[in-house]
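Just below is one structure, and these are the notes that go with it.
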Amino acid sequence: MAPTRPLSPHLGIYRWQLTMTLSILHRATGIALAVGTILVVAALLALAAGPDPYAKVRAFCASPFGLFLLFGWTWSLCFHLCNGIRHLGWDAGWGFEIPRAYLTGWIVVIASLLLTIAIWTCVAMRGGAL
Amino acid sequence: MNATEFQTPLKRALGLGSAKSGTHHFIVQRVTAVALVPLVLWIVYFALRVALADYAQARALVHEPLNAVLLLAFVTALFWHAQLGLQVVIEDYVHTPWLEITAQLAVKILCVLGALASALAIVQIAVR
């Protein structure tokens, strides 16, 4: 039954804001990265098990779906890292002013994209940039 | 009169709120986050080196004591932080009691298994 009392404004009411987007993306990337730990475990176990299991994991990573996942996880990691540092700033009481929250938000967006591009440039150059 | 004066010293020392754990979860989440900042930067560098190596070279990289220790530190902080984060997500969105308890247990068990399996693999490669 739909309540007749007034409800507090929710997602359908609020105008889009950068800060709310980054907030939910922090959760989403965190969940995605938790799923990504499966690959970390699989790669380590395969490396310990022998060349054949390891080759299977590498083949999965090199497949189109594997590359898609790896690229998504790379950006998720870069975003969660950058926005996590932003959160640690807030925990220390720094950066709550609204202009500063937006400035650091855009820095997180740009830095996470640049880091992702830098990592995949390294991969594309076969480590030439390392 | 301050309301806290009604509490006995023991009650104040134990003042841990309804969750009975006080700020412990919050603090451990931040401690693992701080640890993961340098560890993630290192693991990206390390993963790129492993990605460009063949099987024997990859094993040799993990075999190096410093790398093995940093890998162990990384997977420990990683699975600990993941469990704490997923716990909060479940607390916020899953409100069916049996489902919430099942999900929380599953997350805890999977994170511990993931950490143990990773640690075993790292140690196996490190000691051989």
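We label chains A, B, ... in the order they appear in the structure tokens, count residues from 1 in each chain, and number ligands from 1 in the order shown.
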Write out as a Markdown table a residue-level contact list of chain A versus chain B with cut-off 10 Å: for each qualifying residue the closest pair of atoms and the distance in Å to one decimal, counting only C-alpha atoms, rows sorted by chain and residue number upward.
```
| residue | atom | partner | partner_atom | distance |
| --- | --- | --- | --- | --- |
| A:Arg27 | CA | B:Val89 | CA | 7.7 |
| A:Ala28 | CA | B:Val89 | CA | 9.8 |
| A:Gly30 | CA | B:Gly85 | CA | 7.3 |
| A:Ile31 | CA | B:Leu86 | CA | 6.9 |
| A:Leu33 | CA | B:Ala82 | CA | 8.2 |
| A:Ala34 | CA | B:Ala82 | CA | 5.8 |
| A:Val35 | CA | B:Ala82 | CA | 9.4 |
| A:Thr37 | CA | B:Gly114 | CA | 7.8 |
| A:Ile38 | CA | B:Gly114 | CA | 7.6 |
| A:Val40 | CA | B:Ser118 | CA | 7.8 |
| A:Val41 | CA | B:Ser118 | CA | 5.3 |
| A:Ala42 | CA | B:Ser118 | CA | 8.4 |
| A:Ala43 | CA | B:Ser118 | CA | 9.0 |
| A:Leu44 | CA | B:Ala121 | CA | 5.7 |
| A:Leu45 | CA | B:Ala121 | CA | 5.2 |
| A:Ala46 | CA | B:Ala121 | CA | 8.3 |
| A:Leu47 | CA | B:Arg59 | CA | 6.8 |
| A:Ala48 | CA | B:Ala121 | CA | 5.4 |
| A:Ala49 | CA | B:Ala121 | CA | 8.2 |
| A:Gly50 | CA | B:Tyr55 | CA | 8.4 |
| A:Pro51 | CA | B:Tyr55 | CA | 6.2 |
| A:Asp52 | CA | B:Tyr55 | CA | 9.4 |
| A:Tyr54 | CA | B:Tyr55 | CA | 7.4 |
| A:Ala55 | CA | B:Tyr55 | CA | 8.1 |
| A:Arg58 | CA | B:Ala51 | CA | 8.5 |
| A:Cys61 | CA | B:Ala51 | CA | 9.9 |
| A:Thr74 | CA | B:Val44 | CA | 9.0 |
| A:Leu77 | CA | B:Val40 | CA | 8.3 |
| A:Cys78 | CA | B:Val40 | CA | 9.1 |
| A:Leu81 | CA | B:Val37 | CA | 6.7 |
| A:Cys82 | CA | B:Val37 | CA | 9.0 |
| A:Gly84 | CA | B:Ala33 | CA | 7.4 |
| A:Ile85 | CA | B:Val37 | CA | 7.8 |
| A:His87 | CA | B:Arg30 | CA | 9.4 |
| A:Leu88 | CA | B:Arg30 | CA | 7.4 |
| A:Asp91 | CA | B:Arg30 | CA | 8.6 |
| A:Ile119 | CA | B:Val44 | CA | 8.0 |
| A:Trp120 | CA | B:Leu48 | CA | 9.5 |
| A:Cys122 | CA | B:Leu48 | CA | 7.8 |
| A:Val123 | CA | B:Leu48 | CA | 7.1 |
| A:Arg126 | CA | B:Leu52 | CA | 6.6 |
| A:Gly127 | CA | B:Leu52 | CA | 6.9 |
| A:Leu130 | CA | B:Tyr45 | CA | 8.2 |
```
Go ahead and write the residues just picked, C-alpha atoms, as a PDB file, in the first residue's frame.
```pdb
ATOM      1  CA  ARG A  27      30.323   1.584  -3.784  1.00  0.00           C
ATOM      2  CA  ALA A  28      29.880   0.146  -7.273  1.00  0.00           C
ATOM      3  CA  GLY A  30      34.205  -1.465  -4.516  1.00  0.00           C
ATOM      4  CA  ILE A  31      31.783  -4.294  -5.285  1.00  0.00           C
ATOM      5  CA  LEU A  33      36.804  -4.959  -7.262  1.00  0.00           C
ATOM      6  CA  ALA A  34      35.638  -7.486  -4.658  1.00  0.00           C
ATOM      7  CA  VAL A  35      34.442  -9.683  -7.546  1.00  0.00           C
ATOM      8  CA  THR A  37      39.629 -10.637  -6.344  1.00  0.00           C
ATOM      9  CA  ILE A  38      38.506 -13.974  -7.858  1.00  0.00           C
ATOM     10  CA  VAL A  40      43.746 -12.476  -8.191  1.00  0.00           C
ATOM     11  CA  VAL A  41      43.196 -15.776  -6.367  1.00  0.00           C
ATOM     12  CA  ALA A  42      42.904 -17.736  -9.631  1.00  0.00           C
ATOM     13  CA  ALA A  43      46.130 -16.244 -11.028  1.00  0.00           C
ATOM     14  CA  LEU A  44      48.102 -16.911  -7.825  1.00  0.00           C
ATOM     15  CA  LEU A  45      46.803 -20.493  -7.480  1.00  0.00           C
ATOM     16  CA  ALA A  46      47.479 -21.173 -11.168  1.00  0.00           C
ATOM     17  CA  LEU A  47      51.006 -19.771 -10.886  1.00  0.00           C
ATOM     18  CA  ALA A  48      51.610 -22.098  -7.921  1.00  0.00           C
ATOM     19  CA  ALA A  49      49.997 -25.092  -9.678  1.00  0.00           C
ATOM     20  CA  GLY A  50      52.049 -25.124 -12.876  1.00  0.00           C
ATOM     21  CA  PRO A  51      52.526 -23.833 -16.434  1.00  0.00           C
ATOM     22  CA  ASP A  52      49.322 -25.337 -17.873  1.00  0.00           C
ATOM     23  CA  TYR A  54      48.726 -20.547 -15.588  1.00  0.00           C
ATOM     24  CA  ALA A  55      48.457 -20.574 -19.394  1.00  0.00           C
ATOM     25  CA  ARG A  58      46.513 -15.949 -19.191  1.00  0.00           C
ATOM     26  CA  CYS A  61      42.844 -12.573 -19.588  1.00  0.00           C
ATOM     27  CA  THR A  74      41.685  -1.172 -13.914  1.00  0.00           C
ATOM     28  CA  LEU A  77      40.800   0.277  -9.044  1.00  0.00           C
ATOM     29  CA  CYS A  78      42.092   3.716 -10.089  1.00  0.00           C
ATOM     30  CA  LEU A  81      42.000   4.463  -5.007  1.00  0.00           C
ATOM     31  CA  CYS A  82      41.667   8.166  -5.904  1.00  0.00           C
ATOM     32  CA  GLY A  84      39.383   6.553  -1.329  1.00  0.00           C
ATOM     33  CA  ILE A  85      42.154   9.104  -0.766  1.00  0.00           C
ATOM     34  CA  HIS A  87      37.465   9.940   1.618  1.00  0.00           C
ATOM     35  CA  LEU A  88      40.528   9.746   3.888  1.00  0.00           C
ATOM     36  CA  ASP A  91      37.971  11.481   7.617  1.00  0.00           C
ATOM     37  CA  ILE A 119      48.477   1.563 -17.246  1.00  0.00           C
ATOM     38  CA  TRP A 120      47.056   0.359 -20.574  1.00  0.00           C
ATOM     39  CA  CYS A 122      52.255   0.371 -20.571  1.00  0.00           C
ATOM     40  CA  VAL A 123      50.488  -2.853 -21.577  1.00  0.00           C
ATOM     41  CA  ARG A 126      54.750  -4.195 -23.847  1.00  0.00           C
ATOM     42  CA  GLY A 127      56.301  -2.539 -20.794  1.00  0.00           C
ATOM     43  CA  LEU A 130      58.078   0.828 -17.285  1.00  0.00           C
TER      44      LEU A 130
END
```
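Counting from CA of Glu97 in chain A, the distance to CA of Leu18 in chain A is 14.4 Å.
Between CA of Thr29 in chain A and CA of Gly105 in chain A there is a distance of 15.3 Å.
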Inset, instruction - Once DSSP has gone over the backbone, tell me which residues of chain A are in helix (DSSP H, G or I), as JSON, numbers by chain. - result: {"A": [18, 19, 20, 21, 22, 23, 24, 25, 26, 27, 28, 29, 30, 31, 32, 33, 34, 35, 36, 37, 38, 39, 40, 41, 42, 43, 44, 45, 46, 47, 48, 49, 51, 52, 53, 54, 55, 56, 57, 58, 59, 60, 61, 62, 64, 65, 66, 67, 68, 69, 70, 71, 72, 73, 74, 75, 76, 77, 78, 79, 80, 81, 82, 83, 84, 85, 86, 87, 88, 89, 90, 91, 98, 99, 100, 101, 102, 103, 104, 105, 106, 107, 108, 109, 110, 111, 112, 113, 114, 115, 116, 117, 118, 119, 120, 121, 122, 123, 124]}
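The residue that comes closest to Ser112 in chain A, out of A:Phe79, A:Tyr14, A:Phe68, A:Phe60 and on the basis of only C-alpha atoms, is A:Phe79.
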Legend entry - Nearest candidate to Leu61 in chain B (options B:His25, B:Ala47, B:Ala77, B:Ile90; using only C-alpha atoms): B:Ala47
